[in-house]
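Chemist: Attaching a single structure in structure tokens format; questions to follow.
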Number of protein chains: 4
Amino acid sequence: MILSLDHINGLDAVAFTETFAGIYEHSPWVAERAAAFRPFTSLTALAAALAGVVAAADDAAKLALLRAHPDLAGRAAVRGELTDASRQEQTSAGLDSLTPAEMARFTESNDRYRQRFGFPFILAVKHWGKAQILAAFDGRLGNTAAVEMATALAEVDKIAFSRLLDRVIPAPTGRLTTHALDTARGRPAAGLPLELVRIGNDGESVVRQAITNADGRLDQPLLVGPEMAVGLWRLTFSTGDYFLASGQMLTAPAFLDLVPIRFAIANPEQHYHVPLLLSPWSYSTYRGS
Amino acid sequence: MILSLDHINGLDAVAFTETFAGIYEHSPWVAERAAAFRPFTSLTALAAALAGVVAAADDAAKLALLRAHPDLAGRAAVRGELTDASRQEQTSAGLDSLTPAEMARFTESNDRYRQRFGFPFILAVKHWGKAQILAAFDGRLGNTAAVEMATALAEVDKIAFSRLLDRVIPAPTGRLTTHALDTARGRPAAGLPLELVRIGNDGESVVRQAITNADGRLDQPLLVGPEMAVGLWRLTFSTGDYFLASGQMLTAPAFLDLVPIRFAIANPEQHYHVPLLLSPWSYSTYRGS
Amino acid sequence: MILSLDHINGLDAVAFTETFAGIYEHSPWVAERAAAFRPFTSLTALAAALAGVVAAADDAAKLALLRAHPDLAGRAAVRGELTDASRQEQTSAGLDSLTPAEMARFTESNDRYRQRFGFPFILAVKHWGKAQILAAFDGRLGNTAAVEMATALAEVDKIAFSRLLDRVIPAPTGRLTTHALDTARGRPAAGLPLELVRIGNDGESVVRQAITNADGRLDQPLLVGPEMAVGLWRLTFSTGDYFLASGQMLTAPAFLDLVPIRFAIANPEQHYHVPLLLSPWSYSTYRGS
Amino acid sequence: MILSLDHINGLDAVAFTETFAGIYEHSPWVAERAAAFRPFTSLTALAAALAGVVAAADDAAKLALLRAHPDLAGRAAVRGELTDASRQEQTSAGLDSLTPAEMARFTESNDRYRQRFGFPFILAVKHWGKAQILAAFDGRLGNTAAVEMATALAEVDKIAFSRLLDRVIPAPTGRLTTHALDTARGRPAAGLPLELVRIGNDGESVVRQAITNADGRLDQPLLVGPEMAVGLWRLTFSTGDYFLASGQMLTAPAFLDLVPIRFAIANPEQHYHVPLLLSPWSYSTYRGS
């Protein structure tokens, strides 16, 4: 069951702690101490309060929190001893179906990492694959102990945020917008057709089709509030159409006929502004504001 | 039959003229005058010589050349009176299968354009669709007569280049290269996986998979010489893997997990350099050198 | 005397024509025909009306207009026969003090150009220097007649706009704004100090100092209305301070300690948005909207 | 006296240790352990060996190293008890001439920082000013202990590198290059004039003037080997000249007549590639490779 912020704010401290006991793996004390910071007006604020409790804890408590996490594709996973949340996350990343060779690499990497740093390798794996996770081991084994501790705690916070998304209805503050500038002509790219596609596990679906207005923007956000689904999206601009209609000199075929921008929404309460700076021979995009 | 540059350079002037008589629509005089500029070491040089003949002609000859072109989806097309080359080009753009409403719009646009400028609307249509062509009418009807004449002649040169590609084997000078820079860290993006895909009319095919070297480049070009097919390509960078392996702070999921760059090769004899300037939250690409 | 738009809109047609007779060199008919398009709510609209009269004229009238212009550093200039406006413009560009060698080059270029195109070389020279003007000759001698006619008419419109700026008070619609994004961190560059400097003929003066707010913007425009002086400006961002305060990893000294952006305002009634996309190792700027 | 790499590589271990005893403040053990890694083919390799010794030390040794540093503008400075190197560095940053109010802010910041983290605030101050250093305190007080320890050690390495530059002649491997691309036209910006200026404490001096070749590059690097002075530089591109000569449509005055890029060289043995991606209305630069 997914809860409203109002509901959460109305719980007594014990019920709140129980509800969020598993957000930080085997560490109900995080939720317990965060209860006092209510009311929360957003899932982001709730997550920040929980992360703040961890940040304010002493080093021993932080280390215990890290050590409360299971290895990725480790013994606990093999024995079926994972928490539900951990099991789902590891399954999303395909860690429940490793070949023996892959399993051997994970075991070896886990052991090397744990020996080096004294706690298990932690990564918010939900949106990554096996190869990427193995590459991440390599990158992080090169860190100093101090940096790696900070990195591991940041991953714990990301896992927590991801788990909160399954339990709490976000505030409807998020939106997705765009803006297209014609950098060859120094003016908005007006009349530029675009399409927004949701990229899901089971395929793609077109969510919006629109044409930029005189200011190179859309009159409405591409997504608002509950439409801001966490995950992958693609915004494709029909730049060839635009250049052709605006009379810019092109080759045949045009160097840039369609510009696809693939990006992820990680926090549905935030504003994602994804602009396009465009000429017939170049473009840039970035997360704007 | 597609000819080698050597073969063309060895033809007598009459045979050369005959071979390239139709490169400029109904205007064998262009080929005839260009014969004297041989030998050509590239298709690009041959095309430039032909285009140079047109540029050096007087205004009456240029106007006659423009008027030698058929309307797009016009009477000649309906009656089956197009040259083979024109028919194929119009068919590529889907102009042989218009609805009555589309046909009416084309007729109306053709008439309006011809009345305004005194010659038919000319566009290298092979790689465009109906909607784009109709949009191009609108853009160009806004031009002054002087600019539009120049624009139409430029399109005629593009059509000629496209026709030459069907007759002459390009020199093997072209290549496709890339380079990835990590602008957040001010260094080459080393170890960045990438994939090159050919986008054809009948689907996509993976042509190369590679990983950038210590300088953010590949040891070999992605494509060389005869591999440089005119048409659409996509270069996809596995940026999420790269950021993860290099320990950069990301959201979950990462804002940019894959960066697809779709572009066209128009001249197979040229160097196409398609770099990526990358940070976890932004990227740029451009045709470089 | 510089006039208000209200004043201009209230003139009778004869007075209007007389007032603007010299905006287009020796061509009072342009002003005469534009009088009918009043009232004008902006200098931009007035300029567009005048330019529209020219665009609607026939080729003979356009050619006559071009031919009504003097050569740059030509016989009329030497003999003191220039209109006041032309004389001031040529003086701004330093054309009143050429060495004999420079004069010889101008004479030779003027002659070659006039022989090629049938009208004098025209350029809005006020903001350029001698070397640049000579370079421009070279670039434009490569144009086709059609393109060059269009180019020359566009320069005539720019000269007209520049002359209007001396006669008419612009509408107070213009403003200068900025926005700083941190592309390494995917968020606004908050707390970034910046300085706006006016670059005049007789030196530089600091006009504003400010610090970006939480959204990477300023609460007020950098310039509004009458502050929007045509000419050169420089916006300098204290990026080193920002990176240092935000804890980003830098070399010593930092690669980018100050980012200066030099740009010109050409139309004081427009919105100039000059953003900065910034990482410790890269930046971009552009005219935005 | 500044030494050659050959000289250093030929010293016995005791002399080597003595020579570099003060590179890490009051910590000759760093040089002592690094002696074994000789020979060094570059100052960069020598610096890396020293930094590697620190990285491999245990936490107690690292903490002792941090604690061996004096406060900025602290008691040791006031009493004249700084090492020569520290004194010069603090003087470069103007810390020897603080107002009483500034001194009070430094004292308060130093105390707050030391109380929070248990070691003095360390920053490679040589190229910063007072205000920036005070801002850096604020940024770093927000770090976690783990991140701040890593940050402080990174600053110690930067101080060491800066001190090495005063003692050792760099290998002549460094160079400065540029490359200009015209992103509006998809080709190299050929014929673009540029100027390289050295920005010193006592003024600016023009070091090179050049014009880009057909590939948008220079035939020779802007700087090579011993010319690669650590410090500030400015590369100014005469973009107005370029646009004018290449016939691109501009306003009067042109939005971008000159593009100044100010940057610092921190390591004289490295390749600094500082390209310009340019259109009449936008540009980007970055440290390339």
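Each chain in the structure tokens gets a letter, A, B, ..., in the order shown, and its residues are numbered from 1; ligands are numbered from 1 in order too.
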Using only C-alpha atoms, I'd like every residue of chain C that has an atom within 7 Å of chain A; please write them out as a ChimeraX atom specification.

Modeler: /C:181,183,186-188,215,286-289

Chemist: Could you take the residues named above and write them with N, CA, C and O atoms, as an mmCIF file, in the first residue's frame?

Modeler:
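Full text of selection.cif as output:
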data_model
loop_
_atom_site.group_PDB
_atom_site.id
_atom_site.type_symbol
_atom_site.label_atom_id
_atom_site.label_comp_id
_atom_site.auth_asym_id
_atom_site.auth_seq_id
_atom_site.Cartn_x
_atom_site.Cartn_y
_atom_site.Cartn_z
ATOM 1 N N LEU C 181 24.163 27.834 -14.967
ATOM 2 C CA LEU C 181 23.902 26.425 -14.663
ATOM 3 C C LEU C 181 25.220 25.720 -14.395
ATOM 4 O O LEU C 181 26.180 25.941 -15.127
ATOM 5 N N THR C 183 26.841 22.509 -14.921
ATOM 6 C CA THR C 183 26.576 21.281 -15.687
ATOM 7 C C THR C 183 27.333 20.080 -15.122
ATOM 8 O O THR C 183 27.046 18.949 -15.493
ATOM 9 N N GLY C 186 24.536 19.427 -12.366
ATOM 10 C CA GLY C 186 23.141 19.343 -12.790
ATOM 11 C C GLY C 186 22.206 20.211 -11.989
ATOM 12 O O GLY C 186 21.072 19.833 -11.712
ATOM 13 N N ARG C 187 22.667 21.404 -11.619
ATOM 14 C CA ARG C 187 21.816 22.289 -10.820
ATOM 15 C C ARG C 187 22.201 23.742 -11.092
ATOM 16 O O ARG C 187 23.253 24.006 -11.670
ATOM 17 N N PRO C 188 21.364 24.690 -10.681
ATOM 18 C CA PRO C 188 21.725 26.088 -10.877
ATOM 19 C C PRO C 188 23.044 26.408 -10.180
ATOM 20 O O PRO C 188 23.356 25.830 -9.137
ATOM 21 N N ASP C 215 18.282 29.980 -7.929
ATOM 22 C CA ASP C 215 17.965 29.435 -9.249
ATOM 23 C C ASP C 215 19.049 29.775 -10.277
ATOM 24 O O ASP C 215 18.876 29.550 -11.472
ATOM 25 N N TYR C 286 25.465 31.626 -25.036
ATOM 26 C CA TYR C 286 24.711 31.797 -26.273
ATOM 27 C C TYR C 286 23.702 32.906 -26.053
ATOM 28 O O TYR C 286 23.414 33.270 -24.907
ATOM 29 N N ARG C 287 23.181 33.452 -27.130
ATOM 30 C CA ARG C 287 22.057 34.361 -26.962
ATOM 31 C C ARG C 287 20.809 33.522 -26.793
ATOM 32 O O ARG C 287 20.391 32.817 -27.723
ATOM 33 N N GLY C 288 20.234 33.574 -25.618
ATOM 34 C CA GLY C 288 19.054 32.772 -25.304
ATOM 35 C C GLY C 288 17.790 33.597 -25.415
ATOM 36 O O GLY C 288 17.772 34.639 -26.052
ATOM 37 N N SER C 289 16.744 33.166 -24.794
ATOM 38 C CA SER C 289 15.459 33.880 -24.865
ATOM 39 C C SER C 289 14.691 33.680 -23.573
ATOM 40 O O SER C 289 15.021 32.826 -22.773
#

Chemist: What's the 12 Å shell around region 60-64 of chain B, counting only C-alpha atoms, without same-chain residues fewer than 5 positions away, as a count of residues only?

Modeler: 25

Chemist: Would you mind listing what lies within 6 Å of region 236-251 of chain B as an mmCIF file with N, CA and C atoms, in the first residue's frame, with only C-alpha atoms counted and same-chain residues fewer than 2 positions away left out?

Modeler:
data_model
loop_
_atom_site.group_PDB
_atom_site.id
_atom_site.type_symbol
_atom_site.label_atom_id
_atom_site.label_comp_id
_atom_site.auth_asym_id
_atom_site.auth_seq_id
_atom_site.Cartn_x
_atom_site.Cartn_y
_atom_site.Cartn_z
ATOM 1 N N GLN A 132 27.583 -3.531 -15.496
ATOM 2 C CA GLN A 132 27.817 -2.212 -14.920
ATOM 3 C C GLN A 132 28.199 -2.318 -13.448
ATOM 4 N N ALA A 135 31.685 -3.364 -13.152
ATOM 5 C CA ALA A 135 32.576 -2.228 -13.464
ATOM 6 C C ALA A 135 32.651 -1.265 -12.281
ATOM 7 N N ALA A 136 31.521 -1.093 -11.589
ATOM 8 C CA ALA A 136 31.500 -0.174 -10.448
ATOM 9 C C ALA A 136 32.425 -0.661 -9.331
ATOM 10 N N GLY A 139 35.872 0.564 -10.180
ATOM 11 C CA GLY A 139 36.060 1.992 -9.951
ATOM 12 C C GLY A 139 36.216 2.297 -8.474
ATOM 13 N N LEU B 192 34.998 4.403 -22.261
ATOM 14 C CA LEU B 192 33.567 4.627 -22.535
ATOM 15 C C LEU B 192 33.118 3.675 -23.646
ATOM 16 N N PRO B 193 32.208 2.751 -23.341
ATOM 17 C CA PRO B 193 31.715 1.839 -24.381
ATOM 18 C C PRO B 193 30.805 2.575 -25.370
ATOM 19 N N LEU B 194 30.892 2.179 -26.616
ATOM 20 C CA LEU B 194 30.014 2.789 -27.620
ATOM 21 C C LEU B 194 29.661 1.778 -28.698
ATOM 22 N N GLU B 195 28.638 2.110 -29.435
ATOM 23 C CA GLU B 195 28.109 1.199 -30.454
ATOM 24 C C GLU B 195 27.683 2.034 -31.649
ATOM 25 N N PRO B 253 17.623 6.374 -11.100
ATOM 26 C CA PRO B 253 18.565 6.063 -12.166
ATOM 27 C C PRO B 253 19.383 7.304 -12.581
ATOM 28 N N ALA B 254 20.488 7.044 -13.275
ATOM 29 C CA ALA B 254 21.367 8.126 -13.728
ATOM 30 C C ALA B 254 20.675 8.966 -14.793
ATOM 31 N N ASP B 257 22.056 7.632 -18.941
ATOM 32 C CA ASP B 257 22.639 6.280 -18.920
ATOM 33 C C ASP B 257 23.173 5.888 -20.291
ATOM 34 N N LEU B 258 22.467 6.310 -21.325
ATOM 35 C CA LEU B 258 22.908 6.085 -22.703
ATOM 36 C C LEU B 258 22.737 7.398 -23.449
ATOM 37 N N VAL B 259 23.711 7.774 -24.240
ATOM 38 C CA VAL B 259 23.587 8.968 -25.077
ATOM 39 C C VAL B 259 23.590 8.547 -26.536
ATOM 40 N N PRO B 260 22.431 8.614 -27.192
ATOM 41 C CA PRO B 260 22.363 8.275 -28.618
ATOM 42 C C PRO B 260 22.567 9.522 -29.470
#

Chemist: Please report the interatomic distance between CA of Leu5 (chain C) and CA of Leu165 (chain C) in Å with one decimal.

Modeler: 11.8 Å
